[in-house]
Amino acid sequence: MCGIVGAVSERDVQGILLEGLRRLEYRGYDSAGMAVINGGPHAQRARELGKVSALAEAVEANPLNGHLGIAHTRWATHGEPSQLNAHPHMSGDGLAIVHNGIIENYQELRDELKADGFEFTSQTDTEVVAHLIQKNYREQGSLYDAVKSAIPRLRGAYALAVVHADEPDHLVVCREGSPLVIGVGIGENFIASDQLALLPVTDRFMFLEEGDIADIRKDRIEIHDREGTPVERETNRFEHGADSAEKGEYRHFMLKEIYEQPKVIKATMEGRVTDSRVLEQALGTEAANLLDNVRHVQIIACGTSYHAGMVARYWIEELAGVPCSVEVASEFRYRKHVIQPDTLFLCISQSGETADTLAALRQAKKAGFRAALAICNVPGSSLVRESDLVIMTQAGPEIGVASTKAFTTQLTALLIFTLALARHNGLSAEREADIVSALHQVPGQVSDILALNGGIEEMSRAFMDKFHSLFLGRGSQFPVAMEGALKLKEISYIHAEAYPAGELKHGPLALVDSEMPVVTVAPNNDLVEKLKSNLEEVRARGGELFVFADKSAGVKAEEGVHVMQLPPVHEITAPIVYTVPLQLLSYHVAVLKGTDVDQPRNLAKSVTVE
Ligand code: M6R
């Protein structure tokens, strides 16, 4: 969740570190800091409560010059957001460390180090690691050895970067459970939690594997695996272009990412579908054999990715006739399972680094599933590396904490997967061609929805002074309603709950009055008449309705019923298209309320801790 960046170079690193932090701020934004080594006996450090801009002001006033440095933007776990708890943490004047993750046995180590005479200035688990490495350093006289011998003492998840003033030409990094990437430069090298941080300085990256430790110098990178064996990690080029992580003309990343959807949905289809069919070889050479043998699908994910999985369940059962279960990873990992024979384990994750999803995958690999398939947006992420088969979404970097284009590209990838599975389970060529043709129309339909932005912005004004809201959908639109509710609560802080519309009278109808806006998605499918009855139930209680309805569905605007007419959409692809107006609605409500749209309070983009 926190962001780490580091650099060793011929040039001053302060600017590189600051820009890296700005790009990592989506990972955590309650405080930020950096430590720079300049050849003197002490590490220089600056830390500020609040956003990276506060740190930037501080180091502009008092620059930290030097050719080696580490920096951090924090999402608090142990200890409140404060300057004292901000990273880097130091031990003595010379050793500085930044950390992403959680050290579970920190209390035990803290007691031990206190007994050894170390004094603590923060409440964090990270300071414990600083002192532990310092203790080893005093005995061993080498930073690399000191970090290496500290690792077996740590329980939990971590990515660490450590520097020492006495060794001003390298940094030592290691990872276990939290991501860390090395940016390969020319005569300079870098590290970060995410390659996006380093795009201004390099486009070549090496992803560390679990248990790796690396010694990074400006002209040399040495990596050892968990067993201490020297290893080479492949160098990959970043494919999306350095400006893909810039806001450009848009006011917020979220808006830019909403508008990118026609392009990235198309990109996710490219090479995977012809005019009339899915190319299953594009899902991997093993795909045909696997799809022949899958009798059940278990989907695991968190948040928005979980909602994508819920939509996929409707598709998989309807089109492939294969039973499908969907569960949030944090629940799945802590309960006993009955695993049906030949069950495919399918993880969905934008980042590929979500701790609960990874933990579920690791359990599943031991538990007798047929294979693990990942749908993921980040090449080189832990999820991608640890899965048997991967379908990459082509959303490009998603920076806004609220997931938008990741969701619609996940749905695109899931529908392609479903069609491939369905073909192995008797889906006719005609039906496949019909759905593939509908899929080809989605980018254009999403563009049509984006053209309704002005009207949706107008609609959003009604939410400004509301504290609660209900989102309703039926069938595969129920997860779309859930996703709409998640977006609204996440960025506008308005309480939003989603219900299958048929459940309304079993409880939530009691909440409905004029202060409770009710948002509904109503494509023209065989449930629309039932949905209309549900809407009547709301109107009869004085509830104000905001309906996104197919033009031909016959939902009429009247007093208290605001209707946004949408173009006709195939019922299978409707969840992809109907998501977009809900994204825009939440965005505009948040902008009107003046919240921090891209970095909503208390959240971080990538949840790499439990
Ligand atoms: O990277 P992942 O897809 O695994 O992330 C899962 C959730 O943390 C994520 O979707 C979260 O719910 C978003 N902030 C929703 O907008």
# chains A, B, ... in the order shown; residues from 1 in each chain; ligands from 1
call {"tool": "residues_around", "arguments": {"residues": "Glu19 of chain A", "least_positions_apart": "3", "cutoff": "9 Å", "atoms": "only C-alpha atoms", "output": "number ranges by chain"}}
result
A: 14-16, 22-24, 197-198, 200
call {"tool": "residues_near_ligand", "arguments": {"ligand": "ligand 1", "cutoff": "8 Å", "atoms": "only C-alpha atoms and all ligand atoms", "output": "list in words"}}
result
Ala301, Cys302, Gly303, Thr304, Ser305, Tyr306, Ile348, Ser349, Gln350, Ser351, Gly352, Glu353, Thr354, Thr357, Cys376, Val401, Ala402, Ser403, Thr404, Ala406, Leu486, Lys487, Glu490, Leu603, Ala604, Lys605, Ser606 and Val607 of chain A
call {"tool": "residues_around", "arguments": {"residues": "segment 280-297 of chain A", "least_positions_apart": "3", "cutoff": "10 Å", "atoms": "only C-alpha atoms", "output": "ChimeraX atom specification"}}
result
/A:270-273,277,300,313,316-317,320-326,339-346,369-371,373,388-392,413,416-425
call {"tool": "atom_distance", "arguments": {"atom1": "atom CA of Ser330 of chain A", "atom2": "atom CA of Gln298 of chain A"}}
result
14.3 Å
call {"tool": "closest_atom_pairs", "arguments": {"of": "segment 453-509 of chain A", "to": "segment 543-547 of chain A", "cutoff": "12 Å", "atoms": "only C-alpha atoms", "output": "JSON lines"}}
result
{"residue": "A:Gly455", "atom": "CA", "partner": "A:Phe546", "partner_atom": "CA", "distance": 11.9}
{"residue": "A:Ile456", "atom": "CA", "partner": "A:Phe546", "partner_atom": "CA", "distance": 10.0}
{"residue": "A:Glu458", "atom": "CA", "partner": "A:Phe546", "partner_atom": "CA", "distance": 11.7}
{"residue": "A:Met459", "atom": "CA", "partner": "A:Phe546", "partner_atom": "CA", "distance": 8.0}
{"residue": "A:Ser460", "atom": "CA", "partner": "A:Phe546", "partner_atom": "CA", "distance": 9.6}
{"residue": "A:Arg461", "atom": "CA", "partner": "A:Phe546", "partner_atom": "CA", "distance": 11.7}
{"residue": "A:Ala462", "atom": "CA", "partner": "A:Glu544", "partner_atom": "CA", "distance": 9.5}
{"residue": "A:Phe463", "atom": "CA", "partner": "A:Phe546", "partner_atom": "CA", "distance": 10.4}
{"residue": "A:Lys466", "atom": "CA", "partner": "A:Glu544", "partner_atom": "CA", "distance": 11.5}
{"residue": "A:His468", "atom": "CA", "partner": "A:Gly543", "partner_atom": "CA", "distance": 11.9}
{"residue": "A:Ser469", "atom": "CA", "partner": "A:Glu544", "partner_atom": "CA", "distance": 10.0}
{"residue": "A:Leu470", "atom": "CA", "partner": "A:Leu545", "partner_atom": "CA", "distance": 9.6}
{"residue": "A:Phe471", "atom": "CA", "partner": "A:Phe546", "partner_atom": "CA", "distance": 9.3}
{"residue": "A:Leu472", "atom": "CA", "partner": "A:Val547", "partner_atom": "CA", "distance": 9.5}
{"residue": "A:Gly473", "atom": "CA", "partner": "A:Val547", "partner_atom": "CA", "distance": 10.3}
{"residue": "A:Ala481", "atom": "CA", "partner": "A:Val547", "partner_atom": "CA", "distance": 11.4}
{"residue": "A:Pro508", "atom": "CA", "partner": "A:Gly543", "partner_atom": "CA", "distance": 11.9}
{"residue": "A:Leu509", "atom": "CA", "partner": "A:Gly543", "partner_atom": "CA", "distance": 9.4}
call {"tool": "residues_around", "arguments": {"residues": "Cys174 of chain A", "least_positions_apart": "4", "cutoff": "12 Å", "atoms": "only C-alpha atoms", "output": "number ranges by chain"}}
result
A: 4, 97-101, 144, 147-152, 154, 157-162, 178-182, 191-193, 207-216, 222-226
call {"tool": "atom_distance", "arguments": {"atom1": "atom CA of Asp550 of chain A", "atom2": "atom CA of Pro568 of chain A"}}
result
5.7 Å
call {"tool": "closest_residue", "arguments": {"among": "A:Asp111, A:Glu503, A:Asp93, A:Asp30", "to": "Gln44 of chain A", "atoms": "only C-alpha atoms"}}
result
A:Asp93
call {"tool": "residues_around", "arguments": {"residues": "Tyr29 of chain A", "least_positions_apart": "5", "cutoff": "7 Å", "atoms": "only C-alpha atoms", "output": "MDAnalysis selection string"}}
result
chainID A and resid 50:51 73:75
call {"tool": "atom_distance", "arguments": {"atom1": "atom CA of Ile221 of chain A", "atom2": "atom CA of Leu17 of chain A"}}
result
19.1 Å
call {"tool": "residues_around", "arguments": {"residues": "Ala46 of chain A", "least_positions_apart": "2", "cutoff": "10 Å", "atoms": "only C-alpha atoms", "output": "ChimeraX atom specification"}}
result
/A:32-36,44,48,55-56,58-59,62-64,71,83,86-88
call {"tool": "residues_around", "arguments": {"residues": "Thr235 of chain A", "least_positions_apart": "2", "cutoff": "10 Å", "atoms": "only C-alpha atoms", "output": "count of residues only"}}
result
12
call {"tool": "select_by_dssp", "arguments": {"residues": "segment 169-395 of chain A", "states": "strand (DSSP E)", "output": "PyMOL selection string"}}
result
chain A and resi 169-176+181-184+189-192+204-207+213-217+220-224+230-231+235-237+296-301+324-328+343-349+371-376+389-392
call {"tool": "select_by_dssp", "arguments": {"residues": "segment 357-457 of chain A", "states": "helix (DSSP H, G or I)", "output": "PyMOL selection string"}}
result
chain A and resi 357-366+382-386+405-423+429-450+453-457
